[in-house]
Amino acid sequence: SFPTRRSSDRRICHTGHVGYEQFGTSSRYLEGAILMYLRRKGRVAPNKPLEGREEYEQRLEDGEEGFEGAYVKPPVPGRYDWVFDLDLTSMYPNIIISLNISPETKIAKVENWNAEEFVRGKLTEVILSGQKYSTQEFSEMLIRNNLSVASNGAVYRLPKGEGEEGTIPSILIKWFNERKEMRKLAKKHADAKEWEMYEFYDQRQKVQKILLNSIYGCLGLPVFRFYDKDNAEAVTLSGVSIIKTANMAINQYYKNVLGEEAKGNDYVIYVDTDSCFASALPIIKKTMPDIDMEDEKQMTEAILKVTGEAQTYVNKMFDIMSLRLFNVKKHRFDAKQEVIAKSSFWLAKKRYCQFIINKGGVECDELEVKGIDVVRTSFPAKFRTFMKQFLIDLLKKVDQETINNNILQFKEDMKNFGVIELAKNTSVKFKSDAAKKVDYNPKSRQPFQIISGTPAQVKAALYYNDLLAQFNLTKIIPPIFHGQKIKWVYLKQNEYGIECLAMKADGTDPQPIMDIITKYMDRDTMYEQELKSKLVDFYEVLNWEYPNSNWKAASEFFEF
């Protein structure tokens, strides 16, 4: 209900002049905010574009991506020590501002543009609006007419002075300035220990951050009044060029410092959209040979020195890149070091964990997890707790034997855990997405008859409803409905012939169904499917052999 709506959600709706029910629709509240901004400046917005929308929506329906997205560089899986990151501050909003990307500032689009070939001098000819130019002529035209060119070839008119920016860049600048002021006031009240006022201004700055980071995505939505696929792709592809430049600059910095020993090595562990991660260890070993590697304070000071140098080098490279690639002299591309991790572990793209000891210059002791089940509420509660400790042990380099024993002990302890602690959490959908149009629970379905391809959690919920009918409980116990949150478990072989079963876990589940779950819950399958499968990923990266009860017996025998 509206009275319980979060204050930040309400404030977003106020900014966009939309109803509270539309706080989750960014295209609506951003459109409202821009229209009000233009009205106050005495300017009229264009009508919503219709041309190309049907074709674009058809491509989405066919499973094709509307425009090219961000760059993610696959990591080499493994454990790394003393890792730092360089983040591009508000990369997408700053691309829009720096290149002056807006519907009314777009001039045209180069038909055969290749940003990398252009920078390397390999692009000999440019086709713009049907006319051919040599790259020299094109570059001179950009300079002469004060134009920028994005990495997708879209050409934009740059502002001649302050206040002449396009509509989208100008509102972003306004929001940046407002956020800066809110953060300043939040800090002022925090220093004065005025926590209520701190909370007020901190929430205000978070709203501004949401607005800033939402707008680029809406540029590629056909329902958005200011929709233009070229503009959306100009942002994302220019972001790819910028983060790849950062990747290249970091490696060049390492080569400058390490010399011949750096030949052929890639020191950037991972790149994701607007962040680069690298280990400072090679440079620390080379330039500070007398440092005590076990002294966390010394190592933190050393890595901060390395990150400072790397940050400076990358930002100087941005000055060169901005002019040569985009024809932009004044830019807002800025790489900043955010976190220092004493140890990090990468499994794959968007799946890693770090033991962070410094964040934004402030000492901390924090486990950061991305894309690993320890943070997912669908993961059983007991498994989440164990997985968190497993990751901490892994990052702190606890020996393999201890970790093996912890796993085997946990498996043994599972015999005594309650069903709620081991059940999976999810919401159940009896109807699949609109494209597939599959109903797993048709009116014609017979009890305990499951349509082929039905997801396990849906089966579990359907079996719950079937058992309600079998036990004549439908008049006193409501069934599980489409969209309802449930818990569910795998079952051992049983007289009902069902392999899984759900529960509401809200105090309304009938005793006969809970008795079935308690009696037949297959703890071994829960362990194999939900925990072991995740742990094996780490063991494979480390080239460790996964432990079993025979391993423990052999270990104890040889220890004796």
# chains A, B, ... in the order shown; residues from 1 in each chain; ligands from 1
>>> select_by_dssp(residues="range 242-425 of chain A", states="helix (DSSP H, G or I)", output="count of residues only")
98
>>> residues_around(residues="Met91 in chain A", least_positions_apart="2", cutoff="9 Å", atoms="only C-alpha atoms", output="list in words")
Asp87, Leu88, Thr89, Pro93, Asn94, Ile95, Ile96, Asn213, Gly239, Ile242, Thr273, Asp274, Arg332, Phe333 and Asp334 of chain A
>>> closest_atom_pairs(of="range 152-260 of chain A", to="range 300-318 of chain A", cutoff="9 Å", atoms="only C-alpha atoms", output="Markdown table")
| residue | atom | partner | partner_atom | distance |
| --- | --- | --- | --- | --- |
| A:Ile242 | CA | A:Phe318 | CA | 7.7 |
| A:Thr245 | CA | A:Phe318 | CA | 7.6 |
| A:Ala246 | CA | A:Val314 | CA | 5.8 |
| A:Asn247 | CA | A:Val314 | CA | 8.7 |
| A:Met248 | CA | A:Val314 | CA | 8.8 |
| A:Ala249 | CA | A:Val314 | CA | 5.4 |
| A:Ile250 | CA | A:Ala310 | CA | 6.3 |
| A:Gln252 | CA | A:Tyr313 | CA | 8.9 |
| A:Tyr253 | CA | A:Ala310 | CA | 6.4 |
| A:Tyr254 | CA | A:Ala310 | CA | 8.4 |
>>> write_last_selection(atoms="C-alpha atoms", output="PDB file, in the first residue's frame")
ATOM      1  CA  ILE A 242      36.639   3.010 -22.403  1.00  0.00           C
ATOM      2  CA  THR A 245      41.329   1.223 -22.748  1.00  0.00           C
ATOM      3  CA  ALA A 246      41.512   0.921 -18.961  1.00  0.00           C
ATOM      4  CA  ASN A 247      42.413  -2.777 -19.311  1.00  0.00           C
ATOM      5  CA  MET A 248      45.162  -1.931 -21.824  1.00  0.00           C
ATOM      6  CA  ALA A 249      46.465   0.972 -19.705  1.00  0.00           C
ATOM      7  CA  ILE A 250      46.734  -1.180 -16.557  1.00  0.00           C
ATOM      8  CA  GLN A 252      50.953  -1.101 -19.922  1.00  0.00           C
ATOM      9  CA  TYR A 253      51.575   0.295 -16.446  1.00  0.00           C
ATOM     10  CA  TYR A 254      52.649  -3.175 -15.260  1.00  0.00           C
TER      11      TYR A 254
END
>>> closest_residue(among="A:Glu137, A:Asp399, A:Asp85, A:Glu421", to="Tyr270 in chain A", atoms="only C-alpha atoms")
A:Asp85
>>> closest_residue(among="A:Pro222, A:Pro447, A:Pro455, A:Pro103", to="Gly166 in chain A", atoms="only C-alpha atoms")
A:Pro103
>>> residues_around(residues="Thr167 in chain A", least_positions_apart="6", cutoff="9 Å", atoms="only C-alpha atoms", output="tab-separated table (two decimals) with C-alpha atoms, in the first residue's frame")
chain	number	residue	atom	x	y	z
A	34	ILE	CA	12.56	15.16	-18.33
A	37	TYR	CA	12.57	19.83	-16.72
A	38	LEU	CA	11.92	20.94	-20.33
A	100	ASN	CA	26.65	15.20	-25.51
A	101	ILE	CA	24.40	12.27	-26.43
A	102	SER	CA	20.78	13.39	-26.79
A	103	PRO	CA	18.02	12.98	-29.42
A	104	GLU	CA	18.34	16.56	-30.70
A	105	THR	CA	22.17	16.61	-30.78
>>> residues_around(residues="range 151-154 of chain A", least_positions_apart="5", cutoff="7 Å", atoms="only C-alpha atoms", output="PDB file with all heavy atoms, in the first residue's frame")
ATOM      1  N   ALA A 108      24.196  12.380 -37.375  1.00  0.00           N
ATOM      2  CA  ALA A 108      24.115  11.269 -38.330  1.00  0.00           C
ATOM      3  C   ALA A 108      24.860  10.083 -37.727  1.00  0.00           C
ATOM      4  O   ALA A 108      25.302  10.133 -36.571  1.00  0.00           O
ATOM      5  CB  ALA A 108      24.728  11.666 -39.670  1.00  0.00           C
ATOM      6  N   LYS A 109      25.024   9.026 -38.520  1.00  0.00           N
ATOM      7  CA  LYS A 109      25.766   7.857 -38.060  1.00  0.00           C
ATOM      8  C   LYS A 109      26.628   7.324 -39.197  1.00  0.00           C
ATOM      9  O   LYS A 109      26.148   7.135 -40.320  1.00  0.00           O
ATOM     10  CB  LYS A 109      24.808   6.765 -37.581  1.00  0.00           C
ATOM     11  CG  LYS A 109      25.523   5.550 -36.985  1.00  0.00           C
ATOM     12  CD  LYS A 109      24.525   4.492 -36.544  1.00  0.00           C
ATOM     13  CE  LYS A 109      25.257   3.261 -36.011  1.00  0.00           C
ATOM     14  NZ  LYS A 109      24.310   2.174 -35.652  1.00  0.00           N
ATOM     15  N   VAL A 110      27.904   7.091 -38.898  1.00  0.00           N
ATOM     16  CA  VAL A 110      28.828   6.526 -39.882  1.00  0.00           C
ATOM     17  C   VAL A 110      28.399   5.088 -40.177  1.00  0.00           C
ATOM     18  O   VAL A 110      28.150   4.298 -39.265  1.00  0.00           O
ATOM     19  CB  VAL A 110      30.274   6.546 -39.349  1.00  0.00           C
ATOM     20  CG1 VAL A 110      31.225   5.908 -40.353  1.00  0.00           C
ATOM     21  CG2 VAL A 110      30.709   7.967 -39.033  1.00  0.00           C
ATOM     22  N   TRP A 113      31.594   2.287 -39.443  1.00  0.00           N
ATOM     23  CA  TRP A 113      32.501   2.684 -38.370  1.00  0.00           C
ATOM     24  C   TRP A 113      33.091   1.495 -37.636  1.00  0.00           C
ATOM     25  O   TRP A 113      32.412   0.519 -37.328  1.00  0.00           O
ATOM     26  CB  TRP A 113      31.779   3.564 -37.368  1.00  0.00           C
ATOM     27  CG  TRP A 113      32.683   4.222 -36.359  1.00  0.00           C
ATOM     28  CD1 TRP A 113      32.766   3.962 -35.035  1.00  0.00           C
ATOM     29  CD2 TRP A 113      33.627   5.255 -36.616  1.00  0.00           C
ATOM     30  NE1 TRP A 113      33.691   4.762 -34.432  1.00  0.00           N
ATOM     31  CE2 TRP A 113      34.243   5.571 -35.387  1.00  0.00           C
ATOM     32  CE3 TRP A 113      34.012   5.942 -37.766  1.00  0.00           C
ATOM     33  CZ2 TRP A 113      35.228   6.553 -35.277  1.00  0.00           C
ATOM     34  CZ3 TRP A 113      34.985   6.916 -37.641  1.00  0.00           C
ATOM     35  CH2 TRP A 113      35.586   7.212 -36.413  1.00  0.00           C
ATOM     36  N   ALA A 115      35.686   1.606 -34.385  1.00  0.00           N
ATOM     37  CA  ALA A 115      36.437   2.502 -33.500  1.00  0.00           C
ATOM     38  C   ALA A 115      37.896   2.091 -33.352  1.00  0.00           C
ATOM     39  O   ALA A 115      38.804   2.933 -33.411  1.00  0.00           O
ATOM     40  CB  ALA A 115      35.758   2.557 -32.135  1.00  0.00           C
ATOM     41  N   ASP A 230      20.312   4.112 -31.627  1.00  0.00           N
ATOM     42  CA  ASP A 230      21.679   4.586 -31.876  1.00  0.00           C
ATOM     43  C   ASP A 230      22.260   5.227 -30.630  1.00  0.00           C
ATOM     44  O   ASP A 230      23.438   5.035 -30.302  1.00  0.00           O
ATOM     45  CB  ASP A 230      21.697   5.597 -33.027  1.00  0.00           C
ATOM     46  CG  ASP A 230      21.469   4.945 -34.378  1.00  0.00           C
ATOM     47  OD1 ASP A 230      21.645   3.715 -34.477  1.00  0.00           O
ATOM     48  OD2 ASP A 230      21.104   5.665 -35.323  1.00  0.00           O
ATOM     49  N   GLU A 233      23.063   2.508 -28.029  1.00  0.00           N
ATOM     50  CA  GLU A 233      24.262   1.757 -28.417  1.00  0.00           C
ATOM     51  C   GLU A 233      25.504   2.631 -28.354  1.00  0.00           C
ATOM     52  O   GLU A 233      26.600   2.133 -28.067  1.00  0.00           O
ATOM     53  CB  GLU A 233      24.070   1.203 -29.827  1.00  0.00           C
ATOM     54  CG  GLU A 233      24.971   0.031 -30.144  1.00  0.00           C
ATOM     55  CD  GLU A 233      24.548  -0.672 -31.420  1.00  0.00           C
ATOM     56  OE1 GLU A 233      24.482  -0.017 -32.469  1.00  0.00           O
ATOM     57  OE2 GLU A 233      24.287  -1.885 -31.354  1.00  0.00           O
ATOM     58  N   ALA A 234      25.343   3.928 -28.595  1.00  0.00           N
ATOM     59  CA  ALA A 234      26.485   4.849 -28.478  1.00  0.00           C
ATOM     60  C   ALA A 234      27.037   4.827 -27.056  1.00  0.00           C
ATOM     61  O   ALA A 234      28.254   4.874 -26.838  1.00  0.00           O
ATOM     62  CB  ALA A 234      26.050   6.268 -28.850  1.00  0.00           C
ATOM     63  N   LEU A 237      28.536   0.939 -26.337  1.00  0.00           N
ATOM     64  CA  LEU A 237      29.757   0.630 -27.092  1.00  0.00           C
ATOM     65  C   LEU A 237      30.891   1.581 -26.747  1.00  0.00           C
ATOM     66  O   LEU A 237      32.059   1.186 -26.751  1.00  0.00           O
ATOM     67  CB  LEU A 237      29.472   0.650 -28.591  1.00  0.00           C
ATOM     68  CG  LEU A 237      28.629  -0.517 -29.114  1.00  0.00           C
ATOM     69  CD1 LEU A 237      28.533  -0.481 -30.631  1.00  0.00           C
ATOM     70  CD2 LEU A 237      29.212  -1.854 -28.684  1.00  0.00           C
ATOM     71  N   SER A 238      30.573   2.830 -26.451  1.00  0.00           N
ATOM     72  CA  SER A 238      31.624   3.747 -25.987  1.00  0.00           C
ATOM     73  C   SER A 238      32.146   3.281 -24.635  1.00  0.00           C
ATOM     74  O   SER A 238      33.343   3.377 -24.349  1.00  0.00           O
ATOM     75  CB  SER A 238      31.082   5.178 -25.888  1.00  0.00           C
ATOM     76  OG  SER A 238      30.705   5.657 -27.169  1.00  0.00           O
ATOM     77  N   SER A 241      34.675   0.616 -25.269  1.00  0.00           N
ATOM     78  CA  SER A 241      35.967   1.197 -25.673  1.00  0.00           C
ATOM     79  C   SER A 241      36.728   1.746 -24.475  1.00  0.00           C
ATOM     80  O   SER A 241      37.941   1.572 -24.353  1.00  0.00           O
ATOM     81  CB  SER A 241      35.740   2.327 -26.690  1.00  0.00           C
ATOM     82  OG  SER A 241      35.194   1.836 -27.888  1.00  0.00           O
TER      83      SER A 241
END
>>> residues_around(residues="Lys424 in chain A", least_positions_apart="3", cutoff="8 Å", atoms="only C-alpha atoms", output="list in words")
Ser378, Phe379, Pro380, Lys487, Trp488 and Val489 of chain A
>>> write_last_selection(atoms="N, CA, C and O atoms", output="compact mmCIF listing (two decimals), in the first residue's frame")
# COMPACT_ATOMS: atom_id res chain seq x y z
N SER A 378 17.09 -18.27 -2.25
CA SER A 378 16.57 -19.58 -2.68
C SER A 378 17.41 -20.73 -2.15
O SER A 378 16.96 -21.86 -2.08
N PHE A 379 18.65 -20.44 -1.78
CA PHE A 379 19.56 -21.45 -1.26
C PHE A 379 19.14 -21.81 0.16
O PHE A 379 18.86 -20.92 0.97
N PRO A 380 19.06 -23.10 0.51
CA PRO A 380 18.64 -23.49 1.87
C PRO A 380 19.44 -22.78 2.96
O PRO A 380 20.66 -22.57 2.82
N LYS A 487 8.52 -23.36 0.17
CA LYS A 487 9.74 -24.11 0.40
C LYS A 487 9.49 -25.51 -0.14
O LYS A 487 8.35 -25.99 -0.12
N TRP A 488 10.55 -26.18 -0.61
CA TRP A 488 10.34 -27.53 -1.12
C TRP A 488 11.60 -28.37 -0.95
O TRP A 488 12.70 -27.84 -0.82
N VAL A 489 11.38 -29.70 -0.95
CA VAL A 489 12.49 -30.63 -0.74
C VAL A 489 12.36 -31.81 -1.69
O VAL A 489 11.28 -32.09 -2.23
>>> select_by_dssp(residues="range 293-500 of chain A", states="strand (DSSP E)", output="MDAnalysis selection string")
chainID A and resid 335:348 351:359 362:370 424:427 485:490 500
>>> atom_distance(atom1="CA of Cys218 in chain A", atom2="CA of Ala45 in chain A")
16.0 Å
>>> decode(residues="range 205-219 of chain A", atoms="all heavy atoms", output="tab-separated table (two decimals), in the first residue's frame")
chain	number	residue	atom	x	y	z
A	205	GLN	N	20.50	11.41	-1.75
A	205	GLN	CA	21.59	11.20	-2.70
A	205	GLN	C	21.47	9.85	-3.39
A	205	GLN	O	21.85	9.70	-4.55
A	205	GLN	CB	22.96	11.37	-2.02
A	205	GLN	CG	23.38	10.30	-1.04
A	205	GLN	CD	24.11	9.14	-1.69
A	205	GLN	OE1	24.53	9.21	-2.84
A	205	GLN	NE2	24.26	8.05	-0.94
A	206	LYS	N	20.90	8.87	-2.69
A	206	LYS	CA	20.69	7.55	-3.31
A	206	LYS	C	19.63	7.62	-4.41
A	206	LYS	O	19.73	6.94	-5.42
A	206	LYS	CB	20.28	6.53	-2.25
A	206	LYS	CG	21.44	6.11	-1.34
A	206	LYS	CD	20.98	5.16	-0.25
A	206	LYS	CE	22.14	4.78	0.66
A	206	LYS	NZ	21.69	3.95	1.80
A	207	VAL	N	18.63	8.45	-4.20
A	207	VAL	CA	17.61	8.66	-5.23
A	207	VAL	C	18.24	9.24	-6.48
A	207	VAL	O	17.96	8.82	-7.61
A	207	VAL	CB	16.48	9.57	-4.71
A	207	VAL	CG1	15.58	10.03	-5.85
A	207	VAL	CG2	15.65	8.85	-3.65
A	208	GLN	N	19.12	10.24	-6.28
A	208	GLN	CA	19.79	10.86	-7.42
A	208	GLN	C	20.65	9.83	-8.15
A	208	GLN	O	20.73	9.84	-9.38
A	208	GLN	CB	20.68	12.03	-6.95
A	208	GLN	CG	19.93	13.16	-6.27
A	208	GLN	CD	18.78	13.69	-7.11
A	208	GLN	OE1	17.62	13.60	-6.73
A	208	GLN	NE2	19.08	14.22	-8.27
A	209	LYS	N	21.28	8.93	-7.41
A	209	LYS	CA	22.10	7.88	-8.02
A	209	LYS	C	21.25	6.97	-8.89
A	209	LYS	O	21.65	6.60	-10.00
A	209	LYS	CB	22.82	7.07	-6.93
A	209	LYS	CG	23.74	5.99	-7.49
A	209	LYS	CD	24.45	5.25	-6.37
A	209	LYS	CE	25.38	4.18	-6.96
A	209	LYS	NZ	26.09	3.42	-5.91
A	210	ILE	N	20.06	6.61	-8.38
A	210	ILE	CA	19.15	5.75	-9.16
A	210	ILE	C	18.75	6.44	-10.46
A	210	ILE	O	18.75	5.84	-11.53
A	210	ILE	CB	17.90	5.40	-8.32
A	210	ILE	CG1	18.29	4.48	-7.16
A	210	ILE	CG2	16.84	4.72	-9.19
A	210	ILE	CD1	17.19	4.27	-6.13
A	211	LEU	N	18.41	7.72	-10.37
A	211	LEU	CA	18.01	8.48	-11.56
A	211	LEU	C	19.16	8.54	-12.57
A	211	LEU	O	18.95	8.32	-13.77
A	211	LEU	CB	17.60	9.90	-11.16
A	211	LEU	CG	16.32	10.02	-10.32
A	211	LEU	CD1	16.18	11.44	-9.79
A	211	LEU	CD2	15.10	9.62	-11.13
A	212	LEU	N	20.37	8.81	-12.09
A	212	LEU	CA	21.53	8.92	-12.98
A	212	LEU	C	21.81	7.61	-13.70
A	212	LEU	O	22.10	7.59	-14.90
A	212	LEU	CB	22.77	9.32	-12.17
A	212	LEU	CG	22.82	10.78	-11.70
A	212	LEU	CD1	23.85	10.95	-10.60
A	212	LEU	CD2	23.15	11.70	-12.87
A	213	ASN	N	21.71	6.50	-12.98
A	213	ASN	CA	22.08	5.21	-13.55
A	213	ASN	C	20.96	4.55	-14.34
A	213	ASN	O	21.19	3.52	-15.00
A	213	ASN	CB	22.55	4.26	-12.44
A	213	ASN	CG	23.88	4.69	-11.85
A	213	ASN	OD1	24.69	5.32	-12.51
A	213	ASN	ND2	24.11	4.37	-10.59
A	214	SER	N	19.76	5.12	-14.30
A	214	SER	CA	18.62	4.51	-15.01
A	214	SER	C	18.48	5.01	-16.43
A	214	SER	O	17.95	4.31	-17.28
A	214	SER	CB	17.32	4.79	-14.24
A	214	SER	OG	17.33	4.23	-12.96
A	215	ILE	N	18.94	6.21	-16.68
A	215	ILE	CA	18.52	6.88	-17.91
A	215	ILE	C	19.08	6.25	-19.18
A	215	ILE	O	18.40	6.18	-20.21
A	215	ILE	CB	18.88	8.39	-17.85
A	215	ILE	CG1	17.94	9.17	-18.77
A	215	ILE	CG2	20.34	8.66	-18.15
A	215	ILE	CD1	17.91	10.65	-18.48
A	216	TYR	N	20.33	5.72	-19.14
A	216	TYR	CA	20.91	5.19	-20.38
A	216	TYR	C	20.13	3.99	-20.90
A	216	TYR	O	19.95	3.82	-22.10
A	216	TYR	CB	22.39	4.81	-20.17
A	216	TYR	CG	22.59	3.41	-19.65
A	216	TYR	CD1	22.71	2.33	-20.52
A	216	TYR	CD2	22.61	3.16	-18.29
A	216	TYR	CE1	22.87	1.04	-20.04
A	216	TYR	CE2	22.76	1.88	-17.81
A	216	TYR	CZ	22.89	0.83	-18.68
A	216	TYR	OH	23.03	-0.44	-18.21
A	217	GLY	N	19.65	3.13	-19.97
A	217	GLY	CA	18.90	1.95	-20.39
A	217	GLY	C	17.60	2.31	-21.07
A	217	GLY	O	17.17	1.63	-22.00
A	218	CYS	N	16.96	3.40	-20.62
A	218	CYS	CA	15.68	3.81	-21.20
A	218	CYS	C	15.86	4.34	-22.62
A	218	CYS	O	14.90	4.33	-23.40
A	218	CYS	CB	15.04	4.88	-20.32
A	218	CYS	SG	14.44	4.23	-18.75
A	219	LEU	N	17.05	4.80	-22.96
A	219	LEU	CA	17.26	5.29	-24.32
A	219	LEU	C	17.01	4.19	-25.36
A	219	LEU	O	16.70	4.48	-26.51
A	219	LEU	CB	18.71	5.81	-24.48
A	219	LEU	CG	19.08	7.05	-23.66
A	219	LEU	CD1	20.56	7.37	-23.85
A	219	LEU	CD2	18.24	8.24	-24.05
